[in-house]
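Asks: This one is input_39.txt, compact mmCIF, C-alpha atoms.
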# COMPACT_ATOMS: atom_id res chain seq x y z
CA MET C 1 -16.00 -8.59 21.64
CA LEU C 2 -12.48 -9.90 21.58
CA LEU C 3 -10.10 -9.52 24.42
CA ALA C 4 -6.44 -8.78 23.95
CA GLY C 5 -4.47 -11.92 23.61
CA GLY C 6 -0.82 -12.55 23.98
CA GLY C 7 0.16 -10.22 21.21
CA LEU C 8 1.23 -11.02 17.72
CA ALA C 9 4.77 -10.98 16.48
CA VAL C 10 4.88 -9.20 13.17
CA GLY C 11 7.60 -7.74 11.04
CA ALA C 12 10.73 -9.43 9.89
CA ALA C 13 12.44 -8.90 13.19
CA GLY C 14 9.63 -10.53 15.03
CA THR C 15 8.97 -7.68 17.38
CA GLY C 16 6.10 -8.52 19.64
CA ALA C 17 3.18 -6.20 19.15
CA ALA C 18 0.11 -6.18 21.32
CA TRP C 19 -2.84 -5.28 19.16
CA ALA C 20 -5.04 -2.44 20.25
CA LEU C 21 -8.50 -3.84 20.63
CA THR C 22 -11.48 -1.58 20.73
CA GLY C 23 -13.92 -4.44 20.95
CA ASP C 24 -16.37 -2.80 18.61
CA SER C 25 -16.22 -4.04 15.08
CA GLY C 26 -19.85 -3.82 14.14
CA SER C 27 -21.10 -1.80 11.22
CA SER C 28 -24.14 0.39 11.28
CA ALA C 29 -24.81 -0.02 7.55
CA ALA C 30 -28.48 0.16 6.71
CA ALA C 31 -30.00 -2.94 5.18
CA PRO C 32 -30.04 -2.54 1.39
CA ASP C 33 -32.63 -3.69 -1.05
CA PRO C 34 -30.70 -6.23 -3.10
CA GLU C 35 -33.50 -6.59 -5.61
CA SER C 36 -33.53 -2.98 -6.64
CA PRO C 37 -31.29 -2.19 -9.59
CA GLU C 38 -31.33 1.41 -8.44
CA THR C 39 -29.80 0.48 -5.13
CA PRO C 40 -26.58 -1.46 -5.47
CA GLU C 41 -26.40 -4.23 -2.97
CA SER C 42 -24.36 -3.73 0.14
CA PRO C 43 -22.60 -6.38 2.11
CA PRO C 44 -24.28 -7.31 5.37
CA ALA C 45 -22.94 -5.70 8.47
CA PRO C 46 -20.41 -8.02 10.05
CA SER C 47 -21.52 -9.39 13.36
CA ALA C 48 -18.14 -10.75 14.38
CA VAL C 49 -14.50 -10.07 13.69
CA VAL C 50 -13.48 -11.32 10.27
CA PRO C 51 -10.25 -13.34 10.24
CA PRO C 52 -7.48 -11.35 8.57
CA ASP C 53 -7.16 -13.61 5.53
CA ASP C 54 -10.91 -13.59 5.02
CA ASP C 55 -10.85 -9.81 5.32
CA LEU C 56 -8.15 -9.56 2.66
CA MET C 57 -10.09 -11.89 0.35
CA ARG C 58 -13.23 -9.81 0.86
CA GLU C 59 -11.20 -6.80 -0.26
CA HIS C 60 -10.07 -8.84 -3.24
CA GLY C 61 -13.72 -8.96 -4.21
CA VAL C 62 -13.68 -5.19 -4.62
CA LEU C 63 -10.51 -5.45 -6.70
CA LYS C 64 -12.07 -8.16 -8.85
CA ARG C 65 -15.10 -6.00 -9.57
CA VAL C 66 -12.90 -3.08 -10.63
CA LEU C 67 -10.99 -5.45 -12.90
CA LEU C 68 -14.31 -6.35 -14.52
CA CYS C 69 -14.98 -2.63 -15.01
CA TYR C 70 -11.53 -2.18 -16.58
CA ARG C 71 -12.17 -5.14 -18.86
CA GLU C 72 -15.54 -3.78 -19.94
CA MET C 73 -14.18 -0.28 -20.58
CA THR C 74 -11.33 -1.77 -22.61
CA SER C 75 -13.73 -3.90 -24.66
CA GLN C 76 -16.04 -0.98 -25.33
CA ALA C 77 -13.19 1.30 -26.37
CA GLN C 78 -11.60 -1.33 -28.60
CA ALA C 79 -14.95 -2.02 -30.24
CA GLY C 80 -15.06 1.57 -31.37
CA GLY C 81 -17.11 2.86 -28.49
CA SER C 82 -16.18 5.72 -26.26
CA LEU C 83 -14.11 5.66 -23.14
CA ASN C 84 -15.76 7.65 -20.39
CA ALA C 85 -13.09 9.57 -18.50
CA GLN C 86 -15.18 9.93 -15.35
CA HIS C 87 -15.97 6.23 -15.09
CA LEU C 88 -12.34 5.36 -15.65
CA HIS C 89 -11.16 7.89 -13.08
CA ASP C 90 -13.70 6.67 -10.54
CA ALA C 91 -12.60 3.06 -11.00
CA ALA C 92 -8.91 3.91 -10.76
CA LEU C 93 -9.55 5.97 -7.65
CA VAL C 94 -11.08 2.97 -5.89
CA ILE C 95 -7.92 1.07 -6.72
CA HIS C 96 -5.71 3.94 -5.58
CA ASP C 97 -7.47 4.67 -2.31
CA PHE C 98 -8.72 1.30 -1.15
CA ILE C 99 -6.58 -1.37 -2.80
CA GLU C 100 -3.20 0.32 -3.13
CA GLY C 101 -3.55 2.74 -0.21
CA PHE C 102 -5.02 0.29 2.28
CA HIS C 103 -5.36 -3.37 1.30
CA GLU C 104 -1.82 -3.70 -0.02
CA GLY C 105 -0.48 -1.89 3.02
CA LEU C 106 -2.00 -4.62 5.20
CA GLU C 107 -0.34 -7.28 3.09
CA GLU C 108 2.99 -5.46 3.04
CA GLY C 109 2.98 -4.60 6.72
CA PHE C 110 1.55 -7.72 8.29
CA VAL C 111 1.35 -10.69 5.93
CA PHE C 112 4.47 -10.63 3.77
CA PRO C 113 6.96 -9.86 6.56
CA ARG C 114 5.65 -12.75 8.60
CA LEU C 115 5.95 -15.14 5.68
CA ARG C 116 9.48 -13.98 4.93
CA GLN C 117 10.40 -14.35 8.56
CA ALA C 118 9.18 -17.93 8.40
CA GLY C 119 10.99 -18.52 5.12
CA GLN C 120 7.76 -19.41 3.34
CA VAL C 121 6.81 -18.54 -0.27
CA THR C 122 9.51 -15.90 -0.24
CA GLY C 123 9.96 -15.88 -4.00
CA THR C 124 6.25 -15.42 -4.49
CA VAL C 125 6.22 -12.60 -1.95
CA SER C 126 8.97 -10.77 -3.84
CA THR C 127 6.97 -11.06 -7.05
CA LEU C 128 3.81 -9.84 -5.34
CA LEU C 129 5.66 -6.82 -3.95
CA LEU C 130 7.04 -5.98 -7.36
CA GLN C 131 3.57 -6.29 -8.83
CA HIS C 132 2.15 -3.93 -6.21
CA ALA C 133 4.75 -1.38 -7.25
CA ARG C 134 4.07 -1.86 -10.95
CA GLY C 135 0.33 -1.64 -10.37
CA ARG C 136 0.75 1.72 -8.63
CA VAL C 137 2.64 3.05 -11.62
CA LEU C 138 -0.19 1.96 -13.92
CA THR C 139 -2.84 3.45 -11.65
CA GLN C 140 -0.96 6.73 -11.41
CA PHE C 141 -0.80 6.84 -15.20
CA ILE C 142 -4.51 6.10 -15.53
CA LEU C 143 -5.51 8.72 -12.96
CA ALA C 144 -3.29 11.34 -14.54
CA HIS C 145 -4.69 10.84 -18.03
CA ALA C 146 -8.32 9.94 -17.41
CA THR C 147 -9.59 13.35 -18.43
CA ALA C 148 -12.17 14.15 -21.06
CA PRO C 149 -9.76 15.98 -23.39
CA GLU C 150 -7.17 13.22 -23.17
CA VAL C 151 -9.50 10.26 -23.76
CA ALA C 152 -10.73 12.07 -26.86
CA SER C 153 -7.27 11.46 -28.31
CA ALA C 154 -6.92 8.08 -29.97
CA GLY C 155 -3.32 7.86 -28.86
CA THR C 156 -4.09 8.43 -25.19
CA ARG C 157 -7.09 6.14 -25.39
CA GLY C 158 -4.81 3.42 -26.67
CA GLU C 159 -2.35 4.00 -23.86
CA LEU C 160 -5.11 3.92 -21.27
CA THR C 161 -6.62 0.70 -22.58
CA ALA C 162 -3.17 -0.85 -22.69
CA ALA C 163 -2.60 0.20 -19.08
CA MET C 164 -5.93 -1.28 -18.03
CA GLN C 165 -5.18 -4.52 -19.87
CA ALA C 166 -1.78 -4.79 -18.23
CA PHE C 167 -3.34 -4.14 -14.84
CA VAL C 168 -6.03 -6.79 -15.32
CA ARG C 169 -3.57 -9.31 -16.73
CA MET C 170 -1.31 -8.89 -13.72
CA TYR C 171 -3.88 -8.73 -10.94
CA GLU C 172 -6.06 -11.68 -11.90
CA PRO C 173 -3.32 -14.24 -11.26
CA HIS C 174 -1.90 -12.04 -8.49
CA GLU C 175 -4.99 -12.15 -6.31
CA ALA C 176 -5.72 -15.76 -7.18
CA ARG C 177 -2.24 -16.77 -6.00
CA GLU C 178 -2.67 -14.81 -2.80
CA ASP C 179 -6.05 -16.38 -2.07
CA THR C 180 -4.95 -19.95 -2.75
CA VAL C 181 -1.31 -20.03 -1.66
CA VAL C 182 -0.14 -16.98 0.25
CA PHE C 183 -3.01 -16.41 2.64
CA PRO C 184 -3.37 -20.10 3.53
CA ALA C 185 0.37 -20.22 4.27
CA PHE C 186 0.04 -17.11 6.41
CA ARG C 187 -2.91 -18.54 8.28
CA GLN C 188 -0.94 -21.63 9.18
CA LEU C 189 1.67 -19.49 10.90
CA LEU C 190 -0.77 -17.94 13.35
CA SER C 191 -2.49 -19.36 16.38
CA PRO C 192 -6.26 -18.96 16.66
CA GLN C 193 -5.76 -16.16 19.16
CA GLU C 194 -3.29 -14.38 16.90
CA LEU C 195 -5.74 -14.67 14.01
CA ALA C 196 -8.51 -13.19 16.10
CA ASP C 197 -6.32 -10.37 17.36
CA LEU C 198 -5.04 -9.51 13.91
CA GLY C 199 -8.54 -9.64 12.46
CA GLN C 200 -9.63 -7.13 15.07
CA HIS C 201 -6.59 -5.01 14.35
CA PHE C 202 -7.36 -4.97 10.62
CA ALA C 203 -10.90 -3.87 11.41
CA ASP C 204 -9.61 -1.12 13.67
CA LEU C 205 -7.20 0.11 11.01
CA GLU C 206 -9.96 0.19 8.42
CA HIS C 207 -12.21 2.16 10.73
CA GLN C 208 -9.42 4.58 11.61
CA GLN C 209 -8.50 5.20 8.00
CA PHE C 210 -11.88 5.29 6.35
CA GLY C 211 -14.65 5.29 8.91
CA ARG C 212 -17.02 2.62 9.98
CA ASP C 213 -18.91 1.95 6.75
CA GLU C 214 -16.17 2.39 4.23
CA PHE C 215 -16.23 -1.13 2.86
CA THR C 216 -19.92 -0.75 2.17
CA ALA C 217 -19.23 2.61 0.56
CA MET C 218 -16.48 1.11 -1.63
CA VAL C 219 -18.80 -1.63 -2.82
CA GLY C 220 -21.38 1.03 -3.59
CA ARG C 221 -18.86 3.07 -5.57
CA VAL C 222 -17.92 0.07 -7.68
CA ALA C 223 -21.56 -0.90 -8.18
CA ALA C 224 -22.32 2.61 -9.45
CA ILE C 225 -19.55 2.27 -12.04
CA GLU C 226 -20.87 -1.14 -13.04
CA GLN C 227 -24.33 0.33 -13.50
CA ALA C 228 -22.96 3.12 -15.65
CA LEU C 229 -21.14 0.56 -17.79
CA GLY C 230 -24.18 -1.70 -18.06
CA ILE C 231 -22.60 -4.65 -16.29
CA TYR C 232 -24.27 -4.40 -12.91
CA ASP C 233 -27.13 -6.82 -13.54
CA LEU C 234 -25.65 -10.16 -12.58
CA ALA C 235 -28.35 -12.07 -14.44
CA GLN C 236 -27.08 -10.87 -17.81
CA PHE C 237 -24.02 -13.10 -17.42
CA THR C 238 -26.04 -16.30 -17.03
CA PRO C 239 -25.54 -18.25 -20.24
CA ASP C 240 -28.23 -19.86 -22.32
CA VAL C 241 -27.30 -23.52 -22.17
CA THR C 242 -30.07 -24.85 -24.38
CA ALA C 243 -27.57 -26.01 -26.98
CA TYR C 244 -25.69 -28.00 -24.37
CA GLU C 245 -28.60 -29.77 -22.77
CA PRO C 246 -28.96 -33.49 -23.45
CA ALA C 247 -31.31 -34.29 -26.29
CA GLN C 248 -34.75 -35.33 -25.08
CA MET F 1 5.23 5.67 -22.85
CA ARG F 2 4.90 9.17 -21.57
CA ARG F 3 6.03 10.23 -18.17
CA THR F 4 3.18 10.11 -15.72
CA ARG F 5 2.20 13.29 -14.02
CA ARG F 6 1.50 13.35 -10.36
CA VAL F 7 -2.08 12.70 -9.38
CA ARG F 8 -2.29 15.36 -6.75
CA ALA F 9 0.11 18.11 -5.92
CA ALA F 10 1.47 17.98 -2.41
CA ALA F 11 -1.64 16.53 -0.89
CA GLY F 12 -1.98 17.00 2.82
CA PRO F 13 -2.64 14.19 5.23
CA ARG F 14 -5.92 12.48 4.54
CA PRO F 15 -8.41 13.04 7.29
CA GLY F 16 -8.85 9.96 9.34
CA ARG F 17 -5.60 8.37 8.23
CA ALA F 18 -4.62 5.55 10.45
CA ALA F 19 -2.64 6.54 13.46
CA CYS F 20 -1.84 3.13 14.73
CA GLY F 21 0.13 3.42 17.86
CA ALA F 22 -0.34 -0.23 18.63
CA VAL F 23 1.47 -1.54 15.60
CA ALA F 24 4.84 -1.50 17.19
CA GLY F 25 6.24 -4.37 15.25
CA THR F 26 5.25 -3.41 11.75
CA CYS F 27 8.39 -1.65 10.72
CA ALA F 28 11.01 -3.74 12.39
CA ALA F 29 12.39 -5.02 9.11
CA VAL F 30 13.38 -1.59 8.02
CA LEU F 31 15.12 -0.83 11.17
CA LEU F 32 17.48 -3.68 10.49
CA ALA F 33 17.79 -2.76 6.83
CA ALA F 34 19.14 0.63 7.77
CA CYS F 35 21.55 -0.51 10.40
CA GLY F 36 25.08 -0.62 9.25
CA SER F 37 28.37 -1.25 10.82
CA SER F 38 29.59 1.71 12.79
CA ALA F 39 33.09 0.75 11.76
CA GLY F 40 32.46 1.32 8.10
CA ALA F 41 35.22 3.10 6.21
CA GLY F 42 34.64 6.78 5.87
CA ALA F 43 31.84 6.91 8.38
CA GLN F 44 31.43 10.18 10.17
CA SER F 45 30.03 10.77 13.57
CA ALA F 46 26.55 12.22 13.50
CA GLY F 47 27.54 14.55 16.30
CA LYS F 48 25.63 12.61 18.87
CA PRO F 49 26.90 10.74 21.89
CA PRO F 50 27.60 7.11 21.08
CA GLY F 51 24.79 4.78 22.05
CA HIS F 52 24.89 1.23 23.21
CA GLY F 53 22.63 -0.10 20.46
CA PRO F 54 23.26 -0.59 16.77
CA THR F 55 24.36 2.27 14.60
CA VAL F 56 22.06 3.39 11.82
CA LYS F 57 24.16 4.59 8.95
CA ILE F 58 22.78 6.75 6.17
CA MET F 59 24.66 6.62 2.91
CA ALA F 60 24.62 8.39 -0.46
CA ARG F 61 24.66 6.48 -3.71
CA SER F 62 24.05 7.18 -7.37
CA LEU F 63 20.98 5.28 -8.57
CA PRO F 64 19.70 4.90 -12.12
CA ALA F 65 17.28 7.61 -13.21
CA VAL F 66 17.51 9.64 -10.03
CA GLY F 67 21.24 10.30 -9.52
CA THR F 68 22.87 10.59 -6.12
CA VAL F 69 20.35 10.12 -3.32
CA LEU F 70 20.24 8.94 0.27
CA VAL F 71 20.18 5.19 0.82
CA THR F 72 20.37 2.76 3.71
CA SER F 73 23.63 1.02 4.47
CA ARG F 74 22.33 -1.86 2.34
CA GLY F 75 21.70 0.43 -0.59
CA TYR F 76 17.90 0.81 -0.43
CA ALA F 77 16.60 4.21 -1.49
CA LEU F 78 15.26 6.50 1.20
CA TYR F 79 12.16 8.63 0.71
CA MET F 80 10.47 11.64 2.25
CA PHE F 81 6.69 12.03 2.56
CA GLY F 82 5.16 15.40 1.70
CA PRO F 83 2.63 15.52 4.55
CA ASP F 84 5.45 15.06 7.08
CA ASN F 85 6.21 18.68 6.23
CA HIS F 86 9.80 18.59 7.41
CA ARG F 87 8.85 18.05 10.99
CA SER F 88 6.91 14.96 12.06
CA VAL F 89 6.19 11.33 11.28
CA THR F 90 2.71 11.08 9.75
CA CYS F 91 3.02 7.82 7.81
CA THR F 92 1.82 5.36 10.41
CA GLY F 93 -0.35 2.26 10.56
CA VAL F 94 -1.15 0.84 7.13
CA CYS F 95 0.97 3.49 5.44
CA ALA F 96 4.01 2.28 7.33
CA GLY F 97 3.35 -1.20 5.97
CA THR F 98 4.09 0.08 2.48
CA TRP F 99 6.66 2.69 3.52
CA PRO F 100 8.51 1.27 6.51
CA PRO F 101 10.21 4.08 8.40
CA VAL F 102 13.90 3.86 9.24
CA LYS F 103 13.81 3.29 12.96
CA LEU F 104 16.42 4.42 15.43
CA PRO F 105 16.68 1.69 18.03
CA ALA F 106 16.67 2.64 21.67
CA GLY F 107 20.23 3.35 22.65
CA GLY F 108 21.29 3.35 19.01
CA SER F 109 23.30 5.99 17.26
CA LEU F 110 23.44 7.63 13.85
CA ALA F 111 26.28 7.72 11.38
CA ALA F 112 26.74 9.52 8.08
CA GLY F 113 28.48 7.87 5.18
CA PRO F 114 30.65 9.72 2.69
CA GLY F 115 28.83 12.65 1.14
CA VAL F 116 26.15 12.66 3.80
CA SER F 117 25.97 15.54 6.29
CA ALA F 118 26.10 14.28 9.83
CA SER F 119 24.70 17.59 11.02
CA LEU F 120 21.46 16.94 9.10
CA LEU F 121 20.80 13.61 10.79
CA GLY F 122 18.34 13.42 13.64
CA SER F 123 15.27 11.54 14.81
CA ASP F 124 11.61 12.17 15.53
CA PRO F 125 9.12 10.31 17.67
CA ASP F 126 7.07 7.73 15.80
CA PRO F 127 3.39 7.62 16.79
CA ASP F 128 3.62 3.87 16.23
CA GLY F 129 6.38 3.72 18.83
CA GLY F 130 10.10 4.41 19.00
CA ARG F 131 11.87 6.98 16.89
CA VAL F 132 12.37 7.50 13.16
CA VAL F 133 15.62 8.72 11.63
CA THR F 134 15.32 12.14 10.00
CA TYR F 135 17.45 14.04 7.52
CA ASP F 136 17.17 17.81 7.45
CA GLY F 137 13.94 17.34 9.37
CA TRP F 138 12.44 14.82 6.95
CA PRO F 139 11.55 11.44 8.46
CA LEU F 140 13.10 8.74 6.28
CA TYR F 141 11.25 5.76 4.82
CA THR F 142 12.02 2.85 2.55
CA TYR F 143 9.56 1.43 0.00
CA THR F 144 8.39 -2.16 -0.18
CA GLY F 145 8.33 -1.90 -3.96
CA ASP F 146 12.13 -1.62 -4.02
CA ILE F 147 12.79 -5.32 -4.17
CA ASP F 148 16.54 -4.96 -4.55
CA PRO F 149 19.08 -2.36 -3.46
CA GLY F 150 19.76 0.36 -5.98
CA GLN F 151 16.15 0.84 -7.05
CA ALA F 152 13.97 3.91 -6.54
CA THR F 153 10.61 2.68 -7.78
CA GLY F 154 8.75 4.79 -5.23
CA GLN F 155 10.07 8.07 -6.62
CA ASP F 156 7.32 10.56 -7.47
CA ILE F 157 4.50 8.26 -6.40
CA ASP F 158 1.29 9.61 -4.92
CA LEU F 159 0.15 7.13 -2.30
CA ASN F 160 -1.23 7.00 1.23
CA GLY F 161 -2.26 10.62 1.20
CA GLY F 162 0.75 12.35 -0.27
CA ASP F 163 3.70 12.37 -2.60
CA TRP F 164 6.94 10.48 -2.10
CA TYR F 165 10.39 11.57 -3.25
CA VAL F 166 13.96 10.50 -2.81
CA LEU F 167 16.31 12.95 -1.12
CA ARG F 168 19.55 14.48 -2.26
CA PRO F 169 22.45 14.51 0.21
CA SER F 170 21.74 18.23 0.51
CA GLY F 171 18.38 17.34 2.04
CA GLN F 172 16.42 18.52 -1.00
CA PRO F 173 13.63 16.21 -2.25
CA LEU F 174 13.94 15.29 -5.91
CA ILE F 175 10.70 16.86 -7.15
CA PRO F 176 10.39 16.66 -10.93
CA SER F 177 9.62 19.79 -12.88
CA PRO F 178 5.96 19.98 -13.94
In structure tokens, how does this file's structure come out?
Replies:
Amino acid sequence: MLLAGGGLAVGAAGTGAAWALTGDSGSSAAAPDPESPETPESPPAPSAVVPPDDDLMREHGVLKRVLLCYREMTSQAQAGGSLNAQHLHDAALVIHDFIEGFHEGLEEGFVFPRLRQAGQVTGTVSTLLLQHARGRVLTQFILAHATAPEVASAGTRGELTAAMQAFVRMYEPHEAREDTVVFPAFRQLLSPQELADLGQHFADLEHQQFGRDEFTAMVGRVAAIEQALGIYDLAQFTPDVTAYEPAQ
Amino acid sequence: MRRTRRVRAAAGPRPGRAACGAVAGTCAAVLLAACGSSAGAGAQSAGKPPGHGPTVKIMARSLPAVGTVLVTSRGYALYMFGPDNHRSVTCTGVCAGTWPPVKLPAGGSLAAGPGVSASLLGSDPDPDGGRVVTYDGWPLYTYTGDIDPGQATGQDIDLNGGDWYVLRPSGQPLIPSP
């Protein structure tokens, strides 16, 4: 349990905000069977408050897995295969609800203002904000047109795959830049107590918005899409390196 | 590229949406963005007693693609949120990170720029703390996606549990025809 610290100044005006601490950040997620392909793995229940930047990077993992789904759906469609409207809609909905409706709100409300206030990576922050906005436009387009009748049309299918490609192309460098530049810069601005308080606050916000096991549920939703697309089994991506091994 | 339809029509507040009363500092940037000089040419009184704090001035400006809409004194588009339903601030917590509400500072006052009706200006309590400026009962928000003044990139976006629209000086949301 964390106790309330001295508060954390957030927002461009630096208003002091004391974080509401409930002291209960545990998850009651049941232990999954990671070996069963029928049961997508779930993340372990956190036993301690996750620092805010770690929490955001964990959420980036969900984004990254949806990007892999987008990439696979695009490849299948461009190879002459079908584009399943339900799988596409499910994937875009994870982006809409969890990434755009929650994760990005944390960045926009707590991380970016603090960096701007400190005059750090401000140009990058402006680009990231613009990319959030552009991503939402793409997601709204995908959700609106991911219907069975529309994906049956070659024209719409082409527009949807183009939207997915644009989304993937933008978000791969976007999240990589956040993980390697933006979040480390943010972390340097906060004291250990502020980091702990904000981590608790992020956990509280997630619980308030989604419920206690939502991250686990999100991972499960993405895993189900991966299974439907045939990309869930991690082992399939392990390359055969026989040709690269030194000659005996 | 075709115009994108809305994902959901006038969605109500999502159950369990964050009501984050502790996040008092989240929206401070917007408060400053909306504050203008009370001595601006053409400013009208909002019909309220003058306060001792800064004046929040709501303006009208013609923006590309949307026409004349309400903006902050710095020219940033102002939005209404469907689930607010003309009466209360429901975009709080994480939502307010993306859509910072226009805050009325304690002791502050409201002013209407040319073309804006002072009689439609008001304020509502913010569950996150303080008060939010309203227009014809709609709490007003900016959008973090509007990087520069004069943009309205949040128009007709479905996010955080509802739809977002810019507002005409009449107080009418700009809702596109289906």
Asks: Env of Ile95 in chain C: 12 Å cut, atoms = all atoms listed in the file, seq-sep filter 5 positions within chain, self excluded. Answer as JSON, numbers by chain.
Replies: {"C": [59, 60, 61, 62, 63, 64, 65, 66, 67, 69, 70, 88, 89, 90, 100, 101, 102, 103, 104, 132, 135, 136, 137, 138, 139, 140, 142, 143, 164, 167, 168, 171, 218, 219, 221, 222], "F": [159, 160]}
Asks: Choose the residue, out of C:Asp179, C:Asp197, C:Glu107, C:Glu226, that has the smallest atom-to-atom separation from His87 in chain C; count all atoms listed in the file.
Replies: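 Among the listed residues, C:Glu226 lies closest to His87 in chain C.
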Asks: In file coordinates, which residues lie within 10 Å of (21.6, 14.8, 13.3) using only C-alpha atoms, given as a PyMOL selection string?
Replies: chain F and resi 45-48+109-112+117-123+133-137
Asks: In Å, with one decimal, what is the gap from CA of Pro173 in chain C to CA of Thr124 in chain C?
Replies: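 So the answer is 11.8 Å.
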Asks: What is the CA of Gly82 in chain F-CA of Trp164 in chain F distance in Å, reported with one decimal?
Replies: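 Pair CA of Gly82 in chain F / CA of Trp164 in chain F returns 6.5 Å.
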Asks: Would you work out the distance separating CA of Gly93 in chain F from CA of Thr72 in chain F, expressed in Å to one decimal?
Replies: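 The value is 21.8 Å.
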Asks: Could you put an axis-aligned box around every listed atom of range 129-135 of chain F, padded by 5 Å on each side, and send me its centre and edge lengths in Å to one decimal, as AutoDock Vina command-line options?
Replies:
--center_x 11.9 --center_y 8.9 --center_z 13.3 --size_x 21.1 --size_y 20.3 --size_z 21.5
Asks: For range 79-97 of chain F, supply N, CA and C atoms and report the output as an mmCIF file, in the frame of the given file.
Replies:
data_model
loop_
_atom_site.group_PDB
_atom_site.id
_atom_site.type_symbol
_atom_site.label_atom_id
_atom_site.label_comp_id
_atom_site.auth_asym_id
_atom_site.auth_seq_id
_atom_site.Cartn_x
_atom_site.Cartn_y
_atom_site.Cartn_z
ATOM 1 N N TYR F 79 13.182 7.713 1.215
ATOM 2 C CA TYR F 79 12.160 8.630 0.710
ATOM 3 C C TYR F 79 11.682 9.568 1.809
ATOM 4 N N MET F 80 11.197 10.740 1.347
ATOM 5 C CA MET F 80 10.470 11.640 2.250
ATOM 6 C C MET F 80 9.001 11.662 1.812
ATOM 7 N N PHE F 81 8.139 12.023 2.771
ATOM 8 C CA PHE F 81 6.690 12.030 2.560
ATOM 9 C C PHE F 81 6.202 13.460 2.726
ATOM 10 N N GLY F 82 5.575 13.998 1.683
ATOM 11 C CA GLY F 82 5.160 15.400 1.700
ATOM 12 C C GLY F 82 4.413 15.828 2.956
ATOM 13 N N PRO F 83 3.382 15.084 3.368
ATOM 14 C CA PRO F 83 2.630 15.520 4.550
ATOM 15 C C PRO F 83 3.443 15.570 5.837
ATOM 16 N N ASP F 84 4.604 14.943 5.876
ATOM 17 C CA ASP F 84 5.450 15.060 7.080
ATOM 18 C C ASP F 84 5.907 16.509 7.263
ATOM 19 N N ASN F 85 5.957 17.241 6.183
ATOM 20 C CA ASN F 85 6.210 18.680 6.230
ATOM 21 C C ASN F 85 7.471 19.032 7.015
ATOM 22 N N HIS F 86 8.507 18.231 6.835
ATOM 23 C CA HIS F 86 9.800 18.590 7.410
ATOM 24 C C HIS F 86 9.853 18.444 8.921
ATOM 25 N N ARG F 87 8.810 17.939 9.539
ATOM 26 C CA ARG F 87 8.850 18.050 10.990
ATOM 27 C C ARG F 87 8.318 16.868 11.782
ATOM 28 N N SER F 88 7.466 16.016 11.210
ATOM 29 C CA SER F 88 6.910 14.960 12.060
ATOM 30 C C SER F 88 6.571 13.724 11.236
ATOM 31 N N VAL F 89 6.500 12.598 11.924
ATOM 32 C CA VAL F 89 6.190 11.330 11.280
ATOM 33 C C VAL F 89 4.675 11.194 11.164
ATOM 34 N N THR F 90 4.161 11.219 9.939
ATOM 35 C CA THR F 90 2.710 11.080 9.750
ATOM 36 C C THR F 90 2.346 9.797 9.017
ATOM 37 N N CYS F 91 3.313 9.099 8.478
ATOM 38 C CA CYS F 91 3.020 7.820 7.810
ATOM 39 C C CYS F 91 3.071 6.731 8.870
ATOM 40 N N THR F 92 1.904 6.353 9.341
ATOM 41 C CA THR F 92 1.820 5.360 10.410
ATOM 42 C C THR F 92 0.790 4.299 10.005
ATOM 43 N N GLY F 93 0.665 3.280 10.805
ATOM 44 C CA GLY F 93 -0.350 2.260 10.560
ATOM 45 C C GLY F 93 -0.151 1.566 9.225
ATOM 46 N N VAL F 94 -1.208 1.527 8.423
ATOM 47 C CA VAL F 94 -1.150 0.840 7.130
ATOM 48 C C VAL F 94 -0.112 1.477 6.220
ATOM 49 N N CYS F 95 -0.021 2.786 6.264
ATOM 50 C CA CYS F 95 0.970 3.490 5.440
ATOM 51 C C CYS F 95 2.375 2.970 5.704
ATOM 52 N N ALA F 96 2.674 2.749 6.970
ATOM 53 C CA ALA F 96 4.010 2.280 7.330
ATOM 54 C C ALA F 96 4.246 0.835 6.887
ATOM 55 N N GLY F 97 3.168 0.126 6.552
ATOM 56 C CA GLY F 97 3.350 -1.200 5.970
ATOM 57 C C GLY F 97 3.976 -1.114 4.594
#
